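Asker: There's a structure below that I have some questions on.
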Amino acid sequence: VPLTNQNLAERDWRYYRFTVPRSGIPAEWKPFFDRISGSAIAYIRDTLPPFSYVPLTATSITTSTFVDWSTDLKNKAPTSAFPKALLPGTTTLTVPPLRPGATYFLGIFGNTSGGSVEVSSAVSTQQVTVDADMTYDSGSTQITVAGSSSRLVRINAGSAATRLKIQCVQSALGLSLKLEQGSVPYTAAIIAAHKQNAAPFPLSFTFNEPLGTIWPFVANKDYYLLLTNTTVSPITSTITMLGSSAATEDEDNDDLADSWEELYFGNLVQTANGDFDGDGSSNIQEYENGTNPTDAASVLYDFSVASPGGSVTKDPLLSKYPSGTPIELIANPTSGDTFRQWRSNLASLNGTTNPTANFSIFSNVDATAVFQTSASRGLDASLAMVISDFNSFRWYGQYESSHDGVDAAVSASVSPNQQSRITTTVTGPGVLSFWWKVSSLANSGRLTLLINNVAQTTPAPISGITGDWEQVVVDLPSGSHSIAWRYSRDGNSQTAGENRAYVDQVKFVPEGSEDATFDAWKTEKFTEVERTNPAISGPNADPDNDGIENLLEAAIGSSPKLRNSQQLLLTILSTTISGGQRTTLLSANRAETPIMDMKMEVQASNSGVAGTWITIAEKTGDENWIVGGITPAAVEEVVPANGSIPLEIEESVSAPQNSTRLYRMKFSLINVP
């Protein structure tokens with residue numbers, strides 16, 4: 001509807017606002033202006049009304065007063081696309097350079113005599129097609145462009161955007177790409193876009209622009225990507241949005257948000273592992289902790305403690321530690337074990353042998369409580385194998401390096417021309433097997449197997465820093481055999497590595513012995529007739545009605561035909577909470593002769609709901625106990641009695657004062673090859 005009789009006084013302004021739709025974009029906008037009387041002049045501007053102040057004289061209107069579109073410095077276009085003043089009548093403006101979703105102001109100036117004008121607006125029925133809408137920081141799409149045609153993609157960069165990054169991968173050569181802010185790029189090759197790939201057009205091209213405060217690359221704007229096929233055959237482009245926000249942008253790929261680096265350093269030069277303020281906390285740790293990397297007083301330190309084979313009480317128990325926090329550590333060995341020493345990057349702690357340590361933290365600290373167990377346990381030797389030391393340079397069990405992931409025996413560290421030897425005796429015929437490794441000066445420190453005090457050449461002694469564990473299998477003839485593992489050094493005063501040797505998982509299987517399976521256990525415990533009746537001999541049967549099924553009777557070494565106390569299964573001996581840690585000691589039993597096709601599991605739960613039980617220790621057949629899960633436990637086997645071996649299981653877990661912890665034993669049959 002035309003607006004008629006729009007009257008202006010001399011040097012007065014009247015303004016009319018028009019918005020180009022973002023959806024259903026008209027290809028043309030046709031503003032109409034006509035002077036009915038007077039000397040009115042019409043101007044058109046983007047974003048702000050023209051002429052924002054009163055000129056000194058009627059003739060002082062210049063481009064510096066921002067009265068026309070040419071001063072807006074928006075999208076690139078031919079000069080003719082930016083009229084300095086509208087002639088009376090209809091002016092046709094197109095997309096491009098019109099900006100979809102933008103607001104335009106038609107300003108009419110009364111000039112020297114004012115006057116009366118008529119104003120109206122119309123759009124064409126033809127619309128600009130947007131083939132895909134995408135966001136700046138996520139998503140991927142495929143656009144197929146027919147030969148000698150174009151397709152248009154619109155990308156919205158929200159207010160949080162800090163970088164516009166658009167990756168385009170083409171199926172064939174010949175696709176040109178033009179990127180414009182606010183408006184559609186011109187298809188004509190002679191008109192440059194703000195960003196475009198140059199011919200010859202590559203198969204892969206990435207627009208990568210930081211968004212700041214200077215036009216054209218700013219946040220909270222629409223960007224239009226025009227894909228033009230310069231060939232006659234279809235080409236498909238895969239378009240992936242990789243833009244970022246202040247929280248995610250890391251253009252230098254150092255794991256530090258660029259905005260964080262700019263805030264504190266004013267550049268992107270610093271590295272993640274650097275320590276700008278020299279406080280012992282790296283830049284990446286300061287970033288993750290939310291501290292100031294340029295202020296040594298603003299710091300939180302990491303403190304990690306490992307305790308393989310035992311536990312450590314740490315007070316206070318924090319996720320991060322302010323500088324100067326006093327800390328107390330108490331090493332708690334498993335029953336029967338001893339504490340050996342601390343290993344730490346903190347010089348005052350490293351090598352100390354007092355299980356209680358007190359210090360204040362002024363840097364990132366890691367500490368390991370080193371526990372010592374018996375050599376027999378480290379070797380995983382059977383109860384029938386008596387282990388003894390040859391001299392005062394004793395072997396012992398440790399938890400830091402092992403083949404089975406639990407423990408292994410380690411030699412003493414000896415001087416030149418000395419040796420550390422451990423021995424046992426077995427009765428053949430049978431097969432001896434074990435795993436070993438050494439860490440020594442090559443050809444100087446050697447780990448040797450001796451049989452009946454004769455150094456073996458098969459297997460040959462091992463020397464140097466072997467790193468990986470090696471398995472040894474030896475057939476032994478009839479008779480009693482003395483077996484020894486000897487770590488020795490020649491007269492060379494130099495050494496390398498740890499100057500010690502390791503042995504793990506020693507096993508001797510007499511010839512003709514058969515592994516005990518659940519079926520073999522049934523044959524021993526039930527008559528032939530009873531074995532044909534699952535209600536009597538099946539794994540879930542309970543013929544003596546003591547509440548312990550046959551599978552459990554076999555697991556704990558009790559009789560399926562004598563009523564037993566269910567306390568044989570699992571009992572809590574004690575539980576204490578200190579420093580936010582609950583330590584629970586449990587007892588159980590297993591058969592002295594393990595069932596080879598059975599797995600035993602000690603499980604824990606805070607609720608007892610199905611699916612919440614966590615295995616904290618497990619044993620399959622005659623293999624060693626494996627501890628693990630979120631809260632690993634320590635398991636100790638003690639002297640057997642009446643066909644079963646008592647077990648002590650200790651678990652230490654973070655827990656509030658009034659929380660509940662449930663435990664159970666789980667038994668299951670497995671297929672053993």
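FYI, nothing fancy with the structure tokens labels: chains A, B, ... in order, residues from 1 per chain, ligands from 1 as they appear.
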Which parts of stretch 61-300 of chain A does DSSP call strand (DSSP E) when run on the backbone here, written out as a ChimeraX atom specification?
Answerer: /A:89-90,93-94,103-109,115-123,127-128,132-135,140-145,150-157,161-170,175-181,195-196,204-210,221-229,235-241,244-245,300
Asker: So that I can check the secondary structure, give me every residue of stretch 300-510 of chain A assigned alpha helix (DSSP H) by backbone DSSP, as a ChimeraX atom specification.
Answerer: /A:375-379
Asker: Of the candidates A:Asn75, A:Thr294, A:Gln127, A:Ser411, which shows the shortest atom-to-atom distance to A:Lys437, using only C-alpha atoms?
Answerer: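 Of the candidates, the smallest distance to A:Lys437 is held by A:Ser411.
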Asker: Write out as JSON, numbers by chain the residues lying within 10 Å of A:Gly24, counting only C-alpha atoms and excluding same-chain residues fewer than 4 positions away.
Answerer: {"A": [20, 100, 125, 126, 127, 128, 129, 130]}
Asker: With a distance cut-off of 10 Å and only C-alpha atoms, select the neighbouring residues of A:Ala484, excluding the residue or stretch itself and same-chain residues fewer than 5 positions from it, and output the selection as a list in words.
Answerer: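 Everything that qualifies: Ile387, Ser388, Asp389, Phe390, Arg421, Ile422, Thr423, Thr424, Thr425, Thr448, Leu449, Leu450, Ile451, Asn452, Asn453, Val454 and Ala455 of chain A.
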Asker: Okay, now the selection with C-alpha atoms, as a PDB file, in the first residue's frame?
Answerer:
ATOM      1  CA  ILE A 387      61.443 -72.288  48.770  1.00  0.00           C
ATOM      2  CA  SER A 388      64.768 -71.407  50.390  1.00  0.00           C
ATOM      3  CA  ASP A 389      67.582 -68.889  49.882  1.00  0.00           C
ATOM      4  CA  PHE A 390      71.114 -69.999  49.020  1.00  0.00           C
ATOM      5  CA  ARG A 421      70.097 -67.624  44.505  1.00  0.00           C
ATOM      6  CA  ILE A 422      66.722 -69.148  45.382  1.00  0.00           C
ATOM      7  CA  THR A 423      66.073 -72.912  45.416  1.00  0.00           C
ATOM      8  CA  THR A 424      63.355 -75.544  45.653  1.00  0.00           C
ATOM      9  CA  THR A 425      63.066 -79.307  45.227  1.00  0.00           C
ATOM     10  CA  THR A 448      70.745 -68.784  35.197  1.00  0.00           C
ATOM     11  CA  LEU A 449      68.661 -71.901  35.807  1.00  0.00           C
ATOM     12  CA  LEU A 450      70.460 -74.604  37.789  1.00  0.00           C
ATOM     13  CA  ILE A 451      69.230 -78.203  38.034  1.00  0.00           C
ATOM     14  CA  ASN A 452      70.979 -80.335  40.637  1.00  0.00           C
ATOM     15  CA  ASN A 453      73.529 -77.500  40.957  1.00  0.00           C
ATOM     16  CA  VAL A 454      74.429 -77.650  37.253  1.00  0.00           C
ATOM     17  CA  ALA A 455      74.035 -74.437  35.241  1.00  0.00           C
TER      18      ALA A 455
END
Asker: With distances taken over only C-alpha atoms, which residue among A:Val431, A:Val117, A:Leu173, A:Leu93 lies nearest A:Leu3?
Answerer: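 Closest candidate: A:Val117.
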Asker: I want to know what sits within 9 Å of A:Gly497, based on only C-alpha atoms, with residues of the same chain fewer than 5 positions away left out; could you give that as an mmCIF file with N, CA and C atoms, in the first residue's frame?
Answerer:
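Now in result.cif:
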data_model
loop_
_atom_site.group_PDB
_atom_site.id
_atom_site.type_symbol
_atom_site.label_atom_id
_atom_site.label_comp_id
_atom_site.auth_asym_id
_atom_site.auth_seq_id
_atom_site.Cartn_x
_atom_site.Cartn_y
_atom_site.Cartn_z
ATOM 1 N N VAL A 438 65.355 -60.328 33.165
ATOM 2 C CA VAL A 438 66.481 -59.775 33.893
ATOM 3 C C VAL A 438 66.682 -58.332 33.465
ATOM 4 N N SER A 439 67.257 -57.526 34.358
ATOM 5 C CA SER A 439 67.607 -56.133 34.059
ATOM 6 C C SER A 439 69.019 -55.915 34.579
ATOM 7 N N SER A 440 70.004 -55.990 33.655
ATOM 8 C CA SER A 440 71.395 -55.974 34.081
ATOM 9 C C SER A 440 72.281 -55.448 32.963
ATOM 10 N N LEU A 441 73.579 -55.345 33.253
ATOM 11 C CA LEU A 441 74.570 -55.020 32.231
ATOM 12 C C LEU A 441 74.758 -56.257 31.362
ATOM 13 N N GLY A 464 71.385 -58.690 30.246
ATOM 14 C CA GLY A 464 70.994 -57.415 29.654
ATOM 15 C C GLY A 464 69.659 -56.952 30.191
ATOM 16 N N ILE A 465 69.050 -56.020 29.508
ATOM 17 C CA ILE A 465 67.727 -55.520 29.906
ATOM 18 C C ILE A 465 66.725 -56.160 28.957
#
Asker: What lies within 10 Å of stretch 214-216 of chain A using only C-alpha atoms, ignoring chain neighbours under 5 positions off, as number ranges by chain?
Answerer: A: 73-75, 180-182, 194, 221, 223
Asker: Nearest to A:Ser401: which of A:Arg446, A:Arg500, A:Arg11, A:Arg45 is it, counting only C-alpha atoms?
Answerer: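 For A:Ser401, the nearest of the candidates is A:Arg500.
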Asker: Counting only C-alpha atoms, which residue out of A:Phe434, A:Phe32, A:Tyr43, A:Phe109 sits closest to A:Arg14?
Answerer: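 So, comparing all the options, the nearest one is A:Phe109.
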Asker: Do a neighbour search on A:Thr356 at 7 Å with only C-alpha atoms, toss out local chain neighbours closer than 3 positions, and write the hits as a ChimeraX atom specification.
Answerer: /A:329-331
Asker: Those same residues - N, CA, C and O atoms - I'd like them written as an mmCIF file, in the first residue's frame.
Answerer:
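Written file, selection-v3.cif:
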data_model
loop_
_atom_site.group_PDB
_atom_site.id
_atom_site.type_symbol
_atom_site.label_atom_id
_atom_site.label_comp_id
_atom_site.auth_asym_id
_atom_site.auth_seq_id
_atom_site.Cartn_x
_atom_site.Cartn_y
_atom_site.Cartn_z
ATOM 1 N N LEU A 329 50.942 -39.605 54.755
ATOM 2 C CA LEU A 329 50.736 -40.880 54.079
ATOM 3 C C LEU A 329 51.041 -42.007 55.045
ATOM 4 O O LEU A 329 52.029 -41.949 55.784
ATOM 5 N N ILE A 330 50.184 -43.042 55.022
ATOM 6 C CA ILE A 330 50.444 -44.239 55.825
ATOM 7 C C ILE A 330 50.315 -45.441 54.899
ATOM 8 O O ILE A 330 49.246 -45.681 54.315
ATOM 9 N N ALA A 331 51.405 -46.187 54.742
ATOM 10 C CA ALA A 331 51.404 -47.391 53.914
ATOM 11 C C ALA A 331 50.879 -48.562 54.723
ATOM 12 O O ALA A 331 51.343 -48.815 55.846
#
